[in-house]
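**Q** Structure: my_file.cif, mmCIF, C-alpha atoms.
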```cif
data_protein
loop_
_atom_site.group_PDB
_atom_site.id
_atom_site.type_symbol
_atom_site.label_atom_id
_atom_site.label_comp_id
_atom_site.auth_asym_id
_atom_site.auth_seq_id
_atom_site.Cartn_x
_atom_site.Cartn_y
_atom_site.Cartn_z
ATOM 1 C CA MET A 5 22.285 -8.945 -9.644
ATOM 2 C CA GLN A 6 23.179 -6.209 -12.099
ATOM 3 C CA GLY A 7 20.327 -4.424 -13.896
ATOM 4 C CA PHE A 8 17.733 -5.364 -11.291
ATOM 5 C CA GLU A 9 16.110 -3.592 -8.379
ATOM 6 C CA GLN A 10 15.215 -5.826 -5.455
ATOM 7 C CA PHE A 11 12.433 -5.679 -2.874
ATOM 8 C CA GLU A 12 11.789 -8.226 -0.118
ATOM 9 C CA THR A 13 8.832 -9.144 2.068
ATOM 10 C CA HIS A 14 8.234 -8.056 5.579
ATOM 11 C CA ASP A 15 8.704 -11.101 7.767
ATOM 12 C CA THR A 16 5.025 -11.322 8.664
ATOM 13 C CA CYS A 17 5.181 -14.989 9.576
ATOM 14 C CA PRO A 18 7.812 -16.467 11.924
ATOM 15 C CA ASP A 19 8.091 -19.493 9.604
ATOM 16 C CA PHE A 20 9.441 -17.213 6.840
ATOM 17 C CA VAL A 21 12.340 -15.694 8.810
ATOM 18 C CA ASP A 22 14.967 -18.314 7.952
ATOM 19 C CA ALA A 23 13.460 -19.407 4.631
ATOM 20 C CA ARG A 24 15.114 -18.549 1.326
ATOM 21 C CA PRO A 25 12.736 -16.249 -0.524
ATOM 22 C CA VAL A 26 11.232 -17.299 -3.820
ATOM 23 C CA ARG A 27 12.416 -14.798 -6.449
ATOM 24 C CA ILE A 28 9.869 -13.214 -8.734
ATOM 25 C CA ARG A 29 11.564 -11.592 -11.727
ATOM 26 C CA HIS A 30 9.627 -9.231 -13.974
ATOM 27 C CA HIS A 31 10.808 -7.902 -17.325
ATOM 28 C CA PRO A 32 8.659 -4.879 -18.290
ATOM 29 C CA ARG A 33 9.617 -4.996 -21.971
ATOM 30 C CA ASP A 34 7.400 -8.019 -22.624
ATOM 31 C CA GLY A 35 5.771 -8.378 -19.212
ATOM 32 C CA SER A 36 7.315 -11.806 -18.631
ATOM 33 C CA VAL A 37 7.419 -13.120 -15.072
ATOM 34 C CA PHE A 38 9.649 -15.869 -13.711
ATOM 35 C CA LEU A 39 9.406 -17.712 -10.385
ATOM 36 C CA ASP A 40 13.003 -18.359 -9.440
ATOM 37 C CA ASN A 41 14.322 -19.348 -12.894
ATOM 38 C CA ASP A 42 11.117 -20.860 -14.241
ATOM 39 C CA TYR A 43 8.904 -18.955 -16.685
ATOM 40 C CA LEU A 44 5.396 -18.393 -15.327
ATOM 41 C CA VAL A 45 3.437 -15.980 -17.509
ATOM 42 C CA ARG A 46 3.746 -12.752 -19.491
ATOM 43 C CA GLY A 47 1.701 -9.813 -20.668
ATOM 44 C CA VAL A 48 -1.262 -8.507 -18.707
ATOM 45 C CA ALA A 49 -1.403 -11.542 -16.407
ATOM 46 C CA GLY A 50 2.263 -10.976 -15.500
ATOM 47 C CA GLY A 51 1.596 -7.303 -14.839
ATOM 48 C CA ILE A 52 -1.283 -8.221 -12.552
ATOM 49 C CA LEU A 53 0.894 -10.550 -10.496
ATOM 50 C CA VAL A 54 3.642 -7.946 -10.157
ATOM 51 C CA LYS A 55 1.139 -5.284 -9.089
ATOM 52 C CA LEU A 56 -0.307 -7.587 -6.420
ATOM 53 C CA VAL A 57 3.117 -8.636 -5.128
ATOM 54 C CA ARG A 58 4.332 -5.020 -5.024
ATOM 55 C CA GLU A 59 1.313 -4.038 -2.955
ATOM 56 C CA TYR A 60 1.805 -7.033 -0.682
ATOM 57 C CA LEU A 61 5.484 -6.183 -0.155
ATOM 58 C CA ALA A 62 4.768 -2.507 0.498
ATOM 59 C CA THR A 63 1.787 -2.888 2.828
ATOM 60 C CA GLY A 64 1.215 -6.554 3.644
ATOM 61 C CA ARG A 65 -2.189 -6.323 1.968
ATOM 62 C CA GLN A 66 -3.520 -9.540 0.417
ATOM 63 C CA ASP A 67 -7.146 -8.752 -0.516
ATOM 64 C CA PHE A 68 -7.868 -7.066 -3.838
ATOM 65 C CA SER A 69 -10.727 -6.308 -6.204
ATOM 66 C CA ALA A 70 -11.164 -6.513 -9.955
ATOM 67 C CA ARG A 71 -12.331 -2.898 -9.878
ATOM 68 C CA GLU A 72 -9.000 -1.619 -8.590
ATOM 69 C CA LEU A 73 -7.191 -3.568 -11.301
ATOM 70 C CA ARG A 74 -9.433 -2.021 -13.948
ATOM 71 C CA LEU A 75 -8.638 1.435 -12.540
ATOM 72 C CA ALA A 76 -4.930 0.622 -12.969
ATOM 73 C CA GLY A 77 -5.611 -0.328 -16.597
ATOM 74 C CA THR A 78 -2.848 1.678 -18.288
ATOM 75 C CA GLU A 79 -0.256 0.466 -15.770
ATOM 76 C CA LEU A 80 -1.297 -3.130 -16.520
ATOM 77 C CA ARG A 81 -1.657 -2.548 -20.282
ATOM 78 C CA LEU A 82 -5.329 -3.470 -20.213
ATOM 79 C CA PRO A 83 -7.141 -2.589 -23.436
ATOM 80 C CA ASP A 84 -9.758 0.166 -23.167
ATOM 81 C CA VAL A 85 -12.520 -2.062 -24.517
ATOM 82 C CA HIS A 86 -13.186 -5.693 -23.585
ATOM 83 C CA ASP A 87 -10.325 -6.080 -21.128
ATOM 84 C CA ASN A 88 -11.205 -9.751 -20.351
ATOM 85 C CA LEU A 89 -9.870 -9.198 -16.844
ATOM 86 C CA SER A 90 -11.641 -12.235 -15.405
ATOM 87 C CA VAL A 91 -10.063 -14.442 -18.107
ATOM 88 C CA ARG A 92 -6.618 -13.019 -17.389
ATOM 89 C CA LEU A 93 -7.070 -13.561 -13.641
ATOM 90 C CA GLY A 94 -8.214 -17.122 -14.348
ATOM 91 C CA LEU A 95 -5.118 -17.766 -16.483
ATOM 92 C CA LEU A 96 -2.849 -16.413 -13.753
ATOM 93 C CA GLN A 97 -4.635 -18.486 -11.122
ATOM 94 C CA GLN A 98 -4.293 -21.613 -13.292
ATOM 95 C CA ARG A 99 -0.575 -21.077 -13.979
ATOM 96 C CA LEU A 100 0.175 -20.539 -10.286
ATOM 97 C CA ARG A 101 -1.773 -23.678 -9.384
ATOM 98 C CA GLU A 102 -0.128 -25.810 -12.133
ATOM 99 C CA ARG A 103 3.326 -24.909 -10.865
ATOM 100 C CA SER A 104 2.416 -25.375 -7.198
ATOM 101 C CA ALA A 105 3.755 -21.859 -6.710
ATOM 102 C CA PRO A 106 4.188 -20.434 -3.213
ATOM 103 C CA LEU A 107 1.811 -17.656 -4.327
ATOM 104 C CA GLN A 108 -1.790 -18.463 -5.175
ATOM 105 C CA LEU A 109 -4.888 -16.473 -6.102
ATOM 106 C CA ALA A 110 -8.138 -17.416 -4.395
ATOM 107 C CA ARG A 111 -11.506 -15.922 -5.244
ATOM 108 C CA THR A 112 -13.167 -14.569 -2.118
ATOM 109 C CA GLY A 113 -16.349 -13.168 -3.638
ATOM 110 C CA ARG A 114 -17.734 -11.509 -6.714
ATOM 111 C CA GLY A 115 -14.911 -9.422 -8.178
ATOM 112 C CA ARG A 116 -12.728 -10.045 -5.115
ATOM 113 C CA PHE A 117 -9.697 -12.244 -4.585
ATOM 114 C CA ARG A 118 -6.833 -12.877 -2.184
ATOM 115 C CA LEU A 119 -3.117 -13.259 -2.845
ATOM 116 C CA GLN A 120 -2.106 -16.214 -0.668
ATOM 117 C CA VAL A 121 1.582 -16.152 0.191
ATOM 118 C CA GLY A 122 3.148 -19.400 1.415
ATOM 119 C CA GLU A 123 6.819 -18.370 1.500
ATOM 120 C CA ARG A 124 9.031 -15.302 1.666
ATOM 121 C CA VAL A 125 9.027 -13.420 -1.625
ATOM 122 C CA ALA A 126 11.678 -11.298 -3.329
ATOM 123 C CA LEU A 127 10.620 -9.197 -6.308
ATOM 124 C CA SER A 128 13.203 -8.192 -8.902
ATOM 125 C CA LEU A 129 12.190 -5.652 -11.499
ATOM 126 C CA SER A 130 14.282 -5.272 -14.622
ATOM 127 C CA ARG A 131 15.324 -1.677 -15.202
ATOM 128 C CA MET A 132 15.884 -2.376 -18.877
ATOM 129 C CA ALA A 133 12.630 -1.396 -20.583
#
```
Take the structure in the file and give it back as structure tokens.
**A**
Amino acid sequence: MQGFEQFETHDTCPDFVDARPVRIRHHPRDGSVFLDNDYLVRGVAGGILVKLVREYLATGRQDFSARELRLAGTELRLPDVHDNLSVRLGLLQQRLRERSAPLQLARTGRGRFRLQVGERVALSLSRMA
């Protein structure tokens, strides 16, 4: 696909090897995120999802903390004051659940959560800013 850079998962689960990956498209200009061709979310919540998926694709890591997201504030476009991170995480969690997405966020403790991956994932990042 022209104008996009593509990354794919490690095949960490034998069930994923032959499966078609779900495509996550991110457009940095407005932060919009699409699952396959369906709009999911935009803005800070979209940036959070992309950051988590990038980390998952690079390292296989699935456990994260709110603190590390706050430290990545400028990358995620979090405001300096009153970032409402828990509200944004809740919105992202709700949208993923409503769409029965193959990616889900599960709270694992205070300020901690897990990215649950149920299928292969391909991340496409728009180069057009």
**Q** Name the residues that the PyMOL selection byres ((chain A and resi 59-74) around 6) pulls out of this structure, and write them as a PDB file with C-alpha atoms, keeping the file's coordinate frame.
**A**
```pdb
ATOM      1  CA  THR A  13       8.832  -9.144   2.068  1.00  0.00           C
ATOM      2  CA  LEU A  56      -0.307  -7.587  -6.420  1.00  0.00           C
ATOM      3  CA  VAL A  57       3.117  -8.636  -5.128  1.00  0.00           C
ATOM      4  CA  ARG A  58       4.332  -5.020  -5.024  1.00  0.00           C
ATOM      5  CA  LEU A  75      -8.638   1.435 -12.540  1.00  0.00           C
ATOM      6  CA  ALA A  76      -4.930   0.622 -12.969  1.00  0.00           C
ATOM      7  CA  GLY A  77      -5.611  -0.328 -16.597  1.00  0.00           C
ATOM      8  CA  GLY A 115     -14.911  -9.422  -8.178  1.00  0.00           C
ATOM      9  CA  ARG A 116     -12.728 -10.045  -5.115  1.00  0.00           C
ATOM     10  CA  PHE A 117      -9.697 -12.244  -4.585  1.00  0.00           C
ATOM     11  CA  ARG A 118      -6.833 -12.877  -2.184  1.00  0.00           C
ATOM     12  CA  LEU A 119      -3.117 -13.259  -2.845  1.00  0.00           C
TER      13      LEU A 119
END
```
**Q** Residues near Gly35 in chain A, anyone? I mean within 12 Å using all atoms listed in the file, not counting same-chain ones fewer than 6 positions away, as a list in words.
**A**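 These residues fall inside the cut-off: Arg29, Tyr43, Leu44, Val45, Arg46, Gly47, Val48, Ala49, Gly50, Gly51, Ile52, Leu53, Val54, Lys55, Glu79, Leu80, Arg81, Leu129, Ser130, Met132 and Ala133 of chain A.
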**Q** Just give me the gap between CA of Asn88 in chain A and CA of Leu127 in chain A in Å, one decimal is fine.
**A**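 Going from CA of Asn88 in chain A over to CA of Leu127 in chain A, I get 26.0 Å.
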**Q** If I take CA of Gly94 in chain A and CA of Gly122 in chain A, how far is one from the other in Å, to one decimal?
**A**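 So the answer is 19.6 Å.
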**Q** Could you tell me, as a short mmCIF file (atom, residue, chain, number, x, y, z; two decimals) with C-alpha atoms, in the coordinates of the input, exactly which residues end up selected when the PyMOL selection byres ((chain A and resi 106) around 7) is applied to this structure?
**A**
```
data_model
loop_
_atom_site.label_atom_id
_atom_site.label_comp_id
_atom_site.auth_asym_id
_atom_site.auth_seq_id
_atom_site.Cartn_x
_atom_site.Cartn_y
_atom_site.Cartn_z
CA SER A 104 2.42 -25.38 -7.20
CA ALA A 105 3.76 -21.86 -6.71
CA LEU A 107 1.81 -17.66 -4.33
CA GLN A 108 -1.79 -18.46 -5.18
CA VAL A 121 1.58 -16.15 0.19
CA GLY A 122 3.15 -19.40 1.42
CA GLU A 123 6.82 -18.37 1.50
#
```
**Q** For a quick check of understanding, using only C-alpha atoms, which of A:Arg101, A:Ser128, A:Gly113, A:Arg92 has the smallest distance to Val37 in chain A?
**A**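 Using only C-alpha atoms, the shortest distance to Val37 in chain A belongs to A:Ser128.
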**Q** Specify as a list in words each residue included when the PyMOL selection byres ((chain A and resi 39) around 6) is applied to this file.
**A**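 On this input, the PyMOL selection byres ((chain A and resi 39) around 6) captures Arg27, Ile28, Phe38, Asp40, Asn41 and Asp42 of chain A.
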**Q** Given 4 Å of margin on each side, can you work out the centre and size in Å (one decimal) of an axis-aligned box holding every listed atom of range 108-117 of chain A, as lines of an AutoDock Vina configuration file?
**A**
```
center_x = -9.8
center_y = -13.9
center_z = -5.1
size_x = 23.9
size_y = 17.0
size_z = 14.1
```
**Q** If you measure from CA of Ser36 in chain A to CA of Leu96 in chain A, what distance in Å do you get, rounded to one decimal?
**A**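 Calculated distance between CA of Ser36 in chain A and CA of Leu96 in chain A is 12.2 Å.
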**Q** Determine the nearest neighbour of Arg124 in chain A from the options A:Leu109, A:Leu93, A:Val26, A:Leu100, counting only C-alpha atoms.
**A** A:Val26
